[in-house]
file my_file_30.txt (compact mmCIF, C-alpha atoms)
# COMPACT_ATOMS: atom_id res chain seq x y z
CA MET K 1 -201.13 19.75 -3.68
CA THR K 2 -198.41 22.32 -3.96
CA GLY K 3 -194.99 21.27 -2.75
CA LYS K 4 -192.94 18.25 -3.69
CA VAL K 5 -191.81 15.45 -1.41
CA PHE K 6 -188.10 14.77 -1.69
CA VAL K 7 -185.24 12.72 -0.34
CA ASP K 8 -181.61 13.82 -0.14
CA LEU K 9 -179.23 11.21 1.23
CA ALA K 10 -175.60 10.20 1.06
CA ILE K 11 -174.96 6.50 0.52
CA SER K 12 -171.88 4.37 0.03
CA LEU K 13 -171.28 2.74 -3.34
CA ASP K 14 -172.70 -0.45 -1.82
CA GLY K 15 -175.84 1.41 -0.79
CA TYR K 16 -175.51 2.06 2.95
CA SER K 17 -176.84 5.33 4.36
CA ALA K 18 -175.40 4.46 7.78
CA GLY K 19 -172.66 2.18 9.01
CA PRO K 20 -173.19 -0.64 11.52
CA ASP K 21 -173.96 -0.18 15.23
CA ALA K 22 -175.61 3.23 14.82
CA GLY K 23 -177.12 4.82 17.89
CA PRO K 24 -176.99 7.94 20.07
CA ASP K 25 -173.37 7.13 20.97
CA ASN K 26 -172.45 6.36 17.36
CA PRO K 27 -174.52 8.57 15.04
CA ILE K 28 -174.63 7.42 11.39
CA GLY K 29 -172.88 4.26 12.56
CA THR K 30 -169.27 3.12 12.28
CA ASN K 31 -167.67 4.74 9.21
CA GLY K 32 -171.01 6.41 8.48
CA PRO K 33 -169.93 10.05 9.00
CA GLY K 34 -167.40 9.60 6.16
CA LEU K 35 -170.33 9.33 3.73
CA HIS K 36 -170.76 13.08 4.20
CA ASN K 37 -167.13 14.14 3.75
CA TRP K 38 -168.02 16.21 0.67
CA MET K 39 -170.36 18.31 2.84
CA TYR K 40 -168.39 19.22 5.94
CA GLU K 41 -166.23 21.98 4.39
CA GLN K 42 -169.08 23.67 2.53
CA ALA K 43 -170.20 27.14 3.62
CA ALA K 44 -173.89 26.20 3.64
CA PHE K 45 -173.26 23.28 5.97
CA ILE K 46 -171.04 25.29 8.29
CA GLY K 47 -173.53 28.16 8.28
CA GLY K 48 -176.36 25.75 9.04
CA HIS K 49 -174.54 24.86 12.24
CA GLY K 50 -174.20 28.50 13.22
CA ASP K 51 -170.58 29.02 12.20
CA GLU K 52 -168.98 31.16 9.50
CA GLY K 53 -166.67 30.43 6.60
CA GLY K 54 -166.39 27.41 4.33
CA LEU K 55 -166.22 26.74 0.64
CA THR K 56 -168.53 27.91 -2.10
CA GLY K 57 -169.03 26.28 -5.48
CA PRO K 58 -171.16 23.54 -7.06
CA ASP K 59 -171.19 21.29 -3.99
CA ASN K 60 -172.20 24.16 -1.78
CA ASP K 61 -174.90 25.15 -4.28
CA LEU K 62 -176.48 21.70 -3.90
CA ILE K 63 -176.76 22.16 -0.15
CA LEU K 64 -178.23 25.65 -0.56
CA GLU K 65 -180.75 24.34 -3.07
CA LYS K 66 -181.88 21.65 -0.63
CA ILE K 67 -182.11 24.10 2.26
CA ASN K 68 -184.12 26.58 0.22
CA ARG K 69 -186.71 24.12 -1.02
CA ALA K 70 -187.44 22.41 2.31
CA GLY K 71 -190.29 23.93 4.32
CA ALA K 72 -190.81 20.97 6.65
CA PHE K 73 -189.07 17.71 7.51
CA ILE K 74 -190.06 14.15 8.39
CA LEU K 75 -187.79 11.95 10.50
CA GLY K 76 -187.99 8.42 11.75
CA ARG K 77 -187.81 7.87 15.48
CA ARG K 78 -184.39 6.25 15.42
CA MET K 79 -182.84 9.12 13.47
CA PHE K 80 -184.38 11.54 15.95
CA ASP K 81 -183.07 9.53 18.91
CA GLU K 82 -179.58 9.47 17.39
CA GLY K 83 -179.65 13.20 16.78
CA GLU K 84 -181.47 14.59 19.81
CA VAL K 85 -178.51 14.40 22.16
CA HIS K 86 -176.18 16.06 19.62
CA TRP K 87 -178.31 18.78 18.00
CA GLY K 88 -177.90 22.11 19.73
CA ASP K 89 -180.29 25.01 20.06
CA PRO K 90 -180.91 26.31 17.39
CA SER K 91 -181.34 22.89 15.78
CA PRO K 92 -179.96 22.04 12.31
CA PHE K 93 -183.55 22.14 10.92
CA ASP K 94 -184.88 25.53 9.82
CA GLY K 95 -188.52 24.51 9.79
CA PRO K 96 -190.97 22.24 11.61
CA VAL K 97 -189.95 18.60 11.98
CA PHE K 98 -192.43 15.74 12.21
CA VAL K 99 -191.07 12.65 13.95
CA LEU K 100 -192.73 9.28 13.27
CA THR K 101 -193.08 7.45 16.57
CA ASN K 102 -195.31 5.15 18.59
CA SER K 103 -194.70 7.13 21.78
CA PRO K 104 -196.73 10.34 22.18
CA ARG K 105 -194.68 13.32 23.35
CA GLU K 106 -195.22 17.05 23.72
CA PRO K 107 -193.64 19.20 21.00
CA TRP K 108 -189.94 19.90 21.54
CA LYS K 109 -189.29 23.59 20.98
CA ARG K 110 -185.97 24.92 19.78
CA LYS K 111 -185.06 28.56 19.08
CA ASN K 112 -185.50 28.10 15.34
CA ASN K 113 -188.12 25.36 15.03
CA THR K 114 -190.33 22.81 16.75
CA PHE K 115 -190.29 19.00 16.62
CA TYR K 116 -193.75 17.39 16.58
CA PHE K 117 -194.29 13.71 17.40
CA VAL K 118 -196.75 11.94 15.12
CA THR K 119 -198.25 8.64 16.22
CA ASP K 120 -200.86 8.02 13.53
CA GLY K 121 -198.76 7.00 10.55
CA ILE K 122 -196.77 8.22 7.58
CA GLU K 123 -199.69 9.73 5.64
CA SER K 124 -200.78 11.78 8.61
CA ALA K 125 -197.22 12.99 9.13
CA LEU K 126 -197.01 13.95 5.48
CA ALA K 127 -200.31 15.85 5.58
CA LYS K 128 -199.10 17.78 8.62
CA ALA K 129 -195.73 18.48 7.01
CA ARG K 130 -197.37 19.63 3.76
CA ALA K 131 -199.61 22.03 5.64
CA ALA K 132 -196.65 23.39 7.58
CA ALA K 133 -194.46 23.72 4.47
CA GLY K 134 -196.94 25.87 2.57
CA ASP K 135 -195.54 26.50 -0.91
CA LYS K 136 -192.24 24.87 -0.04
CA ASP K 137 -191.35 21.18 -0.25
CA VAL K 138 -191.27 18.42 2.35
CA GLN K 139 -187.99 16.60 2.94
CA ILE K 140 -188.10 12.99 4.08
CA SER K 141 -184.85 13.33 5.99
CA GLY K 142 -184.41 9.69 6.98
CA GLY K 143 -183.38 7.29 8.21
CA ALA K 144 -183.49 4.60 5.58
CA ASP K 145 -186.50 2.80 7.12
CA THR K 146 -188.57 5.96 6.88
CA VAL K 147 -187.51 6.64 3.30
CA ARG K 148 -188.46 3.08 2.36
CA GLN K 149 -191.92 3.44 3.84
CA TYR K 150 -192.60 6.59 1.81
CA LEU K 151 -191.03 5.03 -1.28
CA ASP K 152 -193.21 1.92 -1.12
CA ALA K 153 -196.27 4.12 -0.58
CA GLY K 154 -195.43 5.99 -3.80
CA LEU K 155 -195.24 9.30 -1.96
CA ILE K 156 -191.78 10.53 -3.03
CA ASP K 157 -191.46 12.87 -6.01
CA ASP K 158 -187.71 13.08 -6.36
CA MET K 159 -184.54 11.87 -4.77
CA GLU K 160 -180.96 13.11 -4.72
CA LEU K 161 -178.35 10.52 -3.80
CA HIS K 162 -174.77 11.46 -3.04
CA ILE K 163 -172.75 8.35 -3.85
CA ALA K 164 -169.65 8.34 -1.65
CA PRO K 165 -166.55 6.54 -3.02
CA VAL K 166 -166.46 3.92 -0.28
CA LEU K 167 -167.65 0.41 0.41
CA LEU K 168 -168.89 -0.27 3.95
CA GLY K 169 -170.00 -3.90 3.68
CA ALA K 170 -172.34 -3.47 6.66
CA GLY K 171 -174.85 -1.06 8.16
CA ASN K 172 -178.29 0.18 7.19
CA ARG K 173 -178.85 -0.09 3.47
CA LEU K 174 -181.18 2.50 1.94
CA PHE K 175 -182.96 0.19 -0.48
CA GLU K 176 -183.01 -2.94 1.70
CA GLY K 177 -186.43 -4.50 1.72
CA ILE K 178 -188.29 -2.20 -0.65
CA ALA K 179 -191.15 -3.86 -2.48
CA PRO K 180 -189.84 -6.09 -5.31
CA GLY K 181 -190.69 -5.13 -8.87
CA LEU K 182 -189.41 -2.82 -11.56
CA ARG K 183 -189.54 0.91 -10.89
CA GLU K 184 -188.24 3.10 -13.68
CA LEU K 185 -186.79 6.42 -12.54
CA THR K 186 -186.15 9.54 -14.61
CA PRO K 187 -182.63 10.88 -14.13
CA THR K 188 -182.64 14.66 -14.02
CA ARG K 189 -179.07 15.53 -13.05
CA VAL K 190 -175.58 14.07 -12.69
CA GLN K 191 -173.04 16.24 -10.90
CA ASP K 192 -169.44 15.27 -10.34
CA SER K 193 -167.42 16.63 -7.43
CA PRO K 194 -163.77 17.08 -6.45
CA TYR K 195 -164.63 15.15 -3.27
CA GLY K 196 -165.08 11.90 -5.18
CA VAL K 197 -168.80 11.87 -4.48
CA VAL K 198 -171.19 11.87 -7.42
CA HIS K 199 -174.56 13.56 -7.00
CA LEU K 200 -177.39 11.73 -8.82
CA ARG K 201 -180.89 13.11 -9.01
CA TYR K 202 -184.00 11.22 -10.10
CA ASP K 203 -187.72 11.81 -10.45
CA LEU K 204 -189.75 8.87 -9.19
CA PRO K 205 -192.89 7.40 -10.74
CA ARG K 206 -196.04 8.35 -8.82
CA MET R 207 -147.39 -8.59 -13.13
CA THR R 208 -148.39 -6.76 -16.25
CA GLY R 209 -152.09 -6.49 -16.88
CA LYS R 210 -154.81 -5.15 -14.65
CA VAL R 211 -157.76 -7.06 -13.24
CA PHE R 212 -161.05 -5.26 -13.82
CA VAL R 213 -164.78 -5.48 -13.43
CA ASP R 214 -167.37 -3.90 -15.71
CA LEU R 215 -170.96 -4.43 -14.64
CA ALA R 216 -174.36 -2.81 -14.95
CA ILE R 217 -176.34 -2.53 -11.73
CA SER R 218 -179.65 -1.02 -10.73
CA LEU R 219 -179.70 2.02 -8.47
CA ASP R 220 -180.47 -0.39 -5.62
CA GLY R 221 -177.41 -2.44 -6.51
CA TYR R 222 -178.68 -5.53 -8.33
CA SER R 223 -176.62 -6.93 -11.21
CA ALA R 224 -179.38 -9.44 -12.00
CA GLY R 225 -183.08 -9.64 -11.31
CA PRO R 226 -184.77 -12.48 -9.39
CA ASP R 227 -185.21 -16.05 -10.67
CA ALA R 228 -182.19 -15.95 -12.99
CA GLY R 229 -181.30 -19.13 -14.84
CA PRO R 230 -180.77 -20.57 -18.32
CA ASP R 231 -184.43 -19.88 -19.13
CA ASN R 232 -184.30 -16.38 -17.65
CA PRO R 233 -180.80 -14.95 -18.18
CA ILE R 234 -179.96 -11.91 -15.99
CA GLY R 235 -183.23 -12.60 -14.15
CA THR R 236 -186.61 -10.91 -14.31
CA ASN R 237 -186.17 -7.26 -15.35
CA GLY R 238 -182.40 -7.88 -15.46
CA PRO R 239 -181.86 -7.36 -19.21
CA GLY R 240 -183.17 -3.80 -18.83
CA LEU R 241 -180.05 -2.97 -16.82
CA HIS R 242 -178.20 -3.06 -20.14
CA ASN R 243 -180.58 -0.92 -22.20
CA TRP R 244 -177.87 1.69 -22.81
CA MET R 245 -175.74 -0.98 -24.51
CA TYR R 246 -178.04 -2.74 -26.94
CA GLU R 247 -178.06 -0.06 -29.66
CA GLN R 248 -174.32 0.58 -29.60
CA ALA R 249 -172.23 -0.43 -32.63
CA ALA R 250 -169.59 -2.19 -30.53
CA PHE R 251 -172.22 -4.37 -28.86
CA ILE R 252 -173.97 -5.18 -32.13
CA GLY R 253 -170.65 -5.89 -33.83
CA GLY R 254 -169.63 -8.15 -30.94
CA HIS R 255 -172.62 -10.29 -31.76
CA GLY R 256 -171.62 -10.53 -35.43
CA ASP R 257 -174.03 -7.95 -36.82
CA GLU R 258 -173.47 -4.55 -38.44
CA GLY R 259 -174.73 -1.06 -37.69
CA GLY R 260 -175.52 0.66 -34.41
CA LEU R 261 -174.68 3.92 -32.75
CA THR R 262 -171.30 5.48 -32.12
CA GLY R 263 -170.43 8.05 -29.46
CA PRO R 264 -169.34 8.15 -25.82
CA ASP R 265 -171.38 5.11 -24.75
CA ASN R 266 -170.03 3.10 -27.64
CA ASP R 267 -166.50 4.25 -26.80
CA LEU R 268 -166.85 2.76 -23.32
CA ILE R 269 -167.71 -0.63 -24.79
CA LEU R 270 -164.80 -0.45 -27.24
CA GLU R 271 -162.43 0.50 -24.44
CA LYS R 272 -163.54 -2.52 -22.41
CA ILE R 273 -163.26 -4.86 -25.40
CA ASN R 274 -159.80 -3.61 -26.28
CA ARG R 275 -158.31 -3.99 -22.81
CA ALA R 276 -159.62 -7.50 -22.06
CA GLY R 277 -157.26 -10.32 -23.03
CA ALA R 278 -158.94 -13.03 -20.96
CA PHE R 279 -162.12 -13.47 -18.92
CA ILE R 280 -163.16 -15.15 -15.69
CA LEU R 281 -166.74 -16.31 -15.17
CA GLY R 282 -168.57 -18.00 -12.36
CA ARG R 283 -170.25 -21.29 -13.09
CA ARG R 284 -173.79 -19.96 -12.82
CA MET R 285 -173.12 -17.16 -15.30
CA PHE R 286 -171.64 -19.71 -17.67
CA ASP R 287 -174.63 -22.02 -17.26
CA GLU R 288 -177.01 -19.15 -17.94
CA GLY R 289 -175.11 -18.14 -21.05
CA GLU R 290 -174.03 -21.44 -22.57
CA VAL R 291 -177.38 -22.24 -24.16
CA HIS R 292 -177.68 -18.74 -25.65
CA TRP R 293 -174.17 -17.88 -26.81
CA GLY R 294 -173.64 -18.78 -30.46
CA ASP R 295 -170.48 -19.74 -32.29
CA PRO R 296 -168.47 -17.47 -32.41
CA SER R 297 -169.06 -16.70 -28.73
CA PRO R 298 -169.37 -13.13 -27.38
CA PHE R 299 -165.88 -13.46 -25.81
CA ASP R 300 -162.92 -12.62 -28.01
CA GLY R 301 -160.35 -14.33 -25.85
CA PRO R 302 -159.95 -17.32 -23.54
CA VAL R 303 -162.53 -17.69 -20.78
CA PHE R 304 -161.82 -19.37 -17.45
CA VAL R 305 -164.90 -20.73 -15.72
CA LEU R 306 -164.79 -21.31 -11.95
CA THR R 307 -166.43 -24.64 -11.22
CA ASN R 308 -166.32 -27.73 -9.01
CA SER R 309 -167.05 -30.03 -11.98
CA PRO R 310 -164.09 -30.85 -14.24
CA ARG R 311 -164.87 -30.57 -17.94
CA GLU R 312 -162.90 -30.64 -21.18
CA PRO R 313 -162.30 -27.24 -22.81
CA TRP R 314 -165.24 -25.98 -24.87
CA LYS R 315 -163.97 -24.71 -28.19
CA ARG R 316 -165.71 -22.00 -30.15
CA LYS R 317 -164.61 -20.48 -33.47
CA ASN R 318 -163.17 -17.42 -31.77
CA ASN R 319 -162.11 -18.67 -28.34
CA THR R 320 -162.00 -21.50 -25.84
CA PHE R 321 -163.66 -21.90 -22.45
CA TYR R 322 -161.51 -23.61 -19.81
CA PHE R 323 -162.96 -25.06 -16.61
CA VAL R 324 -160.92 -24.36 -13.49
CA THR R 325 -161.53 -26.44 -10.38
CA ASP R 326 -158.70 -25.29 -8.10
CA GLY R 327 -159.87 -21.86 -7.00
CA ILE R 328 -159.96 -18.19 -7.87
CA GLU R 329 -156.21 -17.55 -7.60
CA SER R 330 -155.42 -20.39 -9.95
CA ALA R 331 -158.01 -19.13 -12.42
CA LEU R 332 -156.50 -15.64 -12.23
CA ALA R 333 -152.97 -16.94 -12.80
CA LYS R 334 -154.15 -18.85 -15.86
CA ALA R 335 -156.07 -15.84 -17.15
CA ARG R 336 -153.11 -13.53 -16.60
CA ALA R 337 -150.83 -15.86 -18.52
CA ALA R 338 -153.34 -16.08 -21.35
CA ALA R 339 -153.95 -12.32 -21.46
CA GLY R 340 -150.29 -11.42 -21.91
CA ASP R 341 -149.98 -7.64 -21.90
CA LYS R 342 -153.73 -7.20 -21.87
CA ASP R 343 -156.03 -7.11 -18.84
CA VAL R 344 -158.20 -9.75 -17.21
CA GLN R 345 -161.92 -9.08 -16.92
CA ILE R 346 -163.83 -10.62 -14.03
CA SER R 347 -167.03 -10.83 -16.05
CA GLY R 348 -169.35 -12.01 -13.27
CA GLY R 349 -171.67 -12.96 -11.86
CA ALA R 350 -171.87 -11.04 -8.64
CA ASP R 351 -170.71 -13.97 -6.47
CA THR R 352 -167.53 -14.27 -8.48
CA VAL R 353 -166.85 -10.52 -8.35
CA ARG R 354 -167.32 -10.58 -4.57
CA GLN R 355 -164.79 -13.38 -4.16
CA TYR R 356 -162.14 -11.46 -6.09
CA LEU R 357 -163.07 -8.23 -4.30
CA ASP R 358 -162.70 -9.75 -0.85
CA ALA R 359 -159.39 -11.29 -1.90
CA GLY R 360 -158.14 -7.80 -2.86
CA LEU R 361 -157.46 -8.90 -6.43
CA ILE R 362 -159.41 -6.27 -8.39
CA ASP R 363 -157.61 -3.15 -9.67
CA ASP R 364 -160.51 -1.17 -11.05
CA MET R 365 -164.21 -1.35 -11.55
CA GLU R 366 -166.64 0.36 -13.90
CA LEU R 367 -170.26 0.34 -12.79
CA HIS R 368 -173.09 1.36 -15.10
CA ILE R 369 -175.85 2.57 -12.78
CA ALA R 370 -179.17 1.99 -14.53
CA PRO R 371 -182.06 4.32 -13.58
CA VAL R 372 -184.24 1.58 -12.13
CA LEU R 373 -185.04 -0.03 -8.80
CA LEU R 374 -185.54 -3.80 -8.86
CA GLY R 375 -186.15 -4.55 -5.19
CA ALA R 376 -185.04 -8.17 -5.68
CA GLY R 377 -182.41 -10.28 -7.39
CA ASN R 378 -178.69 -10.77 -7.02
CA ARG R 379 -177.05 -7.75 -5.44
CA LEU R 380 -173.46 -7.07 -6.46
CA PHE R 381 -172.16 -6.03 -3.04
CA GLU R 382 -174.26 -8.40 -0.94
CA GLY R 383 -172.12 -10.16 1.63
CA ILE R 384 -168.75 -8.56 0.96
CA ALA R 385 -166.49 -8.41 3.99
CA PRO R 386 -167.56 -5.64 6.38
CA GLY R 387 -165.21 -2.72 6.90
CA LEU R 388 -164.33 0.55 5.24
CA ARG R 389 -162.80 0.40 1.78
CA GLU R 390 -161.94 3.74 0.23
CA LEU R 391 -162.07 3.81 -3.55
CA THR R 392 -160.52 6.35 -5.91
CA PRO R 393 -162.99 7.66 -8.45
CA THR R 394 -161.35 8.07 -11.84
CA ARG R 395 -164.26 8.90 -14.16
CA VAL R 396 -167.92 9.93 -14.17
CA GLN R 397 -169.69 9.74 -17.52
CA ASP R 398 -173.30 10.71 -18.08
CA SER R 399 -175.37 9.21 -20.89
CA PRO R 400 -178.54 10.01 -22.84
CA TYR R 401 -179.76 6.55 -21.80
CA GLY R 402 -180.17 7.61 -18.18
CA VAL R 403 -177.35 5.33 -17.09
CA VAL R 404 -174.35 6.88 -15.35
CA HIS R 405 -170.94 5.26 -15.80
CA LEU R 406 -168.79 5.38 -12.65
CA ARG R 407 -165.21 4.19 -12.61
CA TYR R 408 -163.10 3.53 -9.52
CA ASP R 409 -159.64 2.28 -8.66
CA LEU R 410 -159.69 -0.13 -5.72
CA PRO R 411 -157.22 -0.33 -2.86
CA ARG R 412 -154.84 -3.29 -3.23
call {"tool": "encode", "arguments": {"input": "my_file_30.txt", "output": "structure tokens"}}
result
Amino acid sequence: MTGKVFVDLAISLDGYSAGPDAGPDNPIGTNGPGLHNWMYEQAAFIGGHGDEGGLTGPDNDLILEKINRAGAFILGRRMFDEGEVHWGDPSPFDGPVFVLTNSPREPWKRKNNTFYFVTDGIESALAKARAAAGDKDVQISGGADTVRQYLDAGLIDDMELHIAPVLLGAGNRLFEGIAPGLRELTPTRVQDSPYGVVHLRYDLPR
Amino acid sequence: MTGKVFVDLAISLDGYSAGPDAGPDNPIGTNGPGLHNWMYEQAAFIGGHGDEGGLTGPDNDLILEKINRAGAFILGRRMFDEGEVHWGDPSPFDGPVFVLTNSPREPWKRKNNTFYFVTDGIESALAKARAAAGDKDVQISGGADTVRQYLDAGLIDDMELHIAPVLLGAGNRLFEGIAPGLRELTPTRVQDSPYGVVHLRYDLPR
């Protein structure tokens, strides 16, 4: 095994990675896009969407670090459905994406990458993503349901959470319904930000 | 209005302020006491329980700051019931405590303070606590249900959360069932710790 398996998600202080009523017409749910406010002005984010300009600094460095380590991506079907109608060509993913689904589908080719649809489970998707990533890491991109499945299977090495300074009170909560029981994490980094977000990084027990 | 109304609670990374099956025989619930690991060796905590010794430094300073600002305390009935059989005399509260309850009871006097039982609601308890605190602040000590009631009533000025590096997957979640809708908080402090906890402080909208 070479690369690591990682998660990088923004959540509200009350733990939601998406607001309520998320769907293709309302990506990230009501009030959900605000979880990512710290990101939108950063050069690496703007560049990832094909535009120029933006800020550099510690927040931007975090995005660059994430981009540079990820060699392949795993998405849940709902996150893909929410994104498909909005992502352009090239897509925001600079590497192969494996979508967990029950509905077989031919690969969806973009200028910069291909989306593959995996119908035989999370471990199969991870094996495919690992092979595609080579020496790089695999990012479990989301949504929350997909992260939870990999978390409960003990397949995540590390996790960066961007805690946004908001309460949502509703939506899709990242850690809703994980297996009960104590899991001790190893904090590896705390990074403050002028955007009010705090970036927390943890290694997970395997 | 003079003093502030504040909350100071440890929670797991998945948001639980107590583990499952909490009660007088299992205070803070299963795996709940571990949320406070950063606190147990600090001089201010040890001194608050009548003993000597312990560590000093930034974590200890946080405890001292909290102790010094609190002039009165508000507790929910379940937190009181969990604690009553364990708290000695003097109690761990250096000031009057107002317990929210439906069952009238005569004040419970300890060497260092008195517990009063308030049956006419959270606003009445807060008015009594404010009057008792004078120029000092009122701490909504918990549990989570009580914090949520004051939060939804817009009566909390600021909140310090100590995010412990654990997942519990079960228990009493601090922000479970708050009113849905966006609330934007103002972060005022991020403090890292050698104990793996991160201390996050926010001002709340009023």
call {"tool": "closest_atom_pairs", "arguments": {"input": "my_file_30.txt", "of": "chain K", "to": "chain R", "cutoff": "7 Å", "atoms": "only C-alpha atoms", "output": "tab-separated table"}}
result
residue	atom	partner	partner_atom	distance
K:Asp14	CA	R:Phe381	CA	5.7
K:Gly15	CA	R:Asp220	CA	6.9
K:Asn31	CA	R:Leu388	CA	6.7
K:Pro165	CA	R:Leu391	CA	5.3
K:Val166	CA	R:Glu390	CA	4.6
K:Leu167	CA	R:Arg389	CA	5.0
K:Leu168	CA	R:Leu388	CA	4.8
K:Gly169	CA	R:Pro386	CA	4.0
K:Ala170	CA	R:Pro386	CA	5.3
K:Phe175	CA	R:Asp220	CA	5.7
K:Gly177	CA	R:Gly375	CA	6.9
K:Ile178	CA	R:Gly375	CA	5.5
K:Ala179	CA	R:Gly375	CA	5.7
K:Pro180	CA	R:Gly375	CA	4.0
K:Gly181	CA	R:Leu374	CA	5.3
K:Leu182	CA	R:Leu374	CA	4.8
K:Arg183	CA	R:Leu373	CA	5.0
K:Glu184	CA	R:Val372	CA	4.6
K:Leu185	CA	R:Pro371	CA	5.3
K:Thr186	CA	R:Pro371	CA	6.7
K:Pro187	CA	R:Gly402	CA	5.8
K:Val190	CA	R:Asp398	CA	6.7
K:Asp192	CA	R:Val396	CA	6.7
K:Gly196	CA	R:Pro393	CA	5.7
call {"tool": "residues_around", "arguments": {"input": "my_file_30.txt", "residues": "Arg283 in chain R", "least_positions_apart": "4", "cutoff": "8 Å", "atoms": "all atoms listed in the file", "output": "MDAnalysis selection string"}}
result
chainID R and resid 287 305:307
call {"tool": "atom_distance", "arguments": {"input": "my_file_30.txt", "atom1": "CA of Pro230 in chain R", "atom2": "CA of Leu261 in chain R"}}
result
29.1 Å
call {"tool": "atom_distance", "arguments": {"input": "my_file_30.txt", "atom1": "CA of Lys136 in chain K", "atom2": "CA of Phe6 in chain K"}}
result
11.0 Å
call {"tool": "closest_residue", "arguments": {"input": "my_file_30.txt", "among": "R:Arg336, R:Arg311, R:His242, R:Lys210", "to": "Arg275 in chain R", "atoms": "all atoms listed in the file"}}
result
R:Lys210
call {"tool": "atom_distance", "arguments": {"input": "my_file_30.txt", "atom1": "CA of Glu123 in chain K", "atom2": "CA of Asp8 in chain K"}}
result
19.4 Å
call {"tool": "axis_aligned_box", "arguments": {"input": "my_file_30.txt", "around": "range 209-219 of chain R", "padding_each_side": "8 Å", "output": "AutoDock Vina command-line options"}}
result
--center_x -165.9 --center_y -2.5 --center_z -12.7 --size_x 43.6 --size_y 25.1 --size_z 24.4
call {"tool": "residues_around", "arguments": {"input": "my_file_30.txt", "residues": "Tyr246 in chain R", "least_positions_apart": "5", "cutoff": "10 Å", "atoms": "all atoms listed in the file", "output": "NGL selection string"}}
result
:R and (239-240 or 251-252 or 260-261 or 266)
call {"tool": "closest_residue", "arguments": {"input": "my_file_30.txt", "among": "R:Gly340, R:Pro302, R:Leu215, R:Arg284", "to": "Lys317 in chain R", "atoms": "all atoms listed in the file"}}
result
R:Pro302
call {"tool": "residues_around", "arguments": {"input": "my_file_30.txt", "residues": "Phe98 in chain K", "least_positions_apart": "3", "cutoff": "9 Å", "atoms": "all atoms listed in the file", "output": "PyMOL selection string"}}
result
chain K and resi 72-76+114-118+125-126+128-129
call {"tool": "write_last_selection", "arguments": {"input": "my_file_30.txt", "atoms": "C-alpha atoms", "output": "PDB file, keeping the file's coordinate frame"}}
result
ATOM      1  CA  ALA K  72    -190.810  20.970   6.650  1.00  0.00           C
ATOM      2  CA  PHE K  73    -189.070  17.710   7.510  1.00  0.00           C
ATOM      3  CA  ILE K  74    -190.060  14.150   8.390  1.00  0.00           C
ATOM      4  CA  LEU K  75    -187.790  11.950  10.500  1.00  0.00           C
ATOM      5  CA  GLY K  76    -187.990   8.420  11.750  1.00  0.00           C
ATOM      6  CA  THR K 114    -190.330  22.810  16.750  1.00  0.00           C
ATOM      7  CA  PHE K 115    -190.290  19.000  16.620  1.00  0.00           C
ATOM      8  CA  TYR K 116    -193.750  17.390  16.580  1.00  0.00           C
ATOM      9  CA  PHE K 117    -194.290  13.710  17.400  1.00  0.00           C
ATOM     10  CA  VAL K 118    -196.750  11.940  15.120  1.00  0.00           C
ATOM     11  CA  ALA K 125    -197.220  12.990   9.130  1.00  0.00           C
ATOM     12  CA  LEU K 126    -197.010  13.950   5.480  1.00  0.00           C
ATOM     13  CA  LYS K 128    -199.100  17.780   8.620  1.00  0.00           C
ATOM     14  CA  ALA K 129    -195.730  18.480   7.010  1.00  0.00           C
TER      15      ALA K 129
END
call {"tool": "residues_around", "arguments": {"input": "my_file_30.txt", "residues": "Gln355 in chain R", "least_positions_apart": "3", "cutoff": "10 Å", "atoms": "only C-alpha atoms", "output": "number ranges by chain"}}
result
R: 328, 350-352, 358-362, 383-385
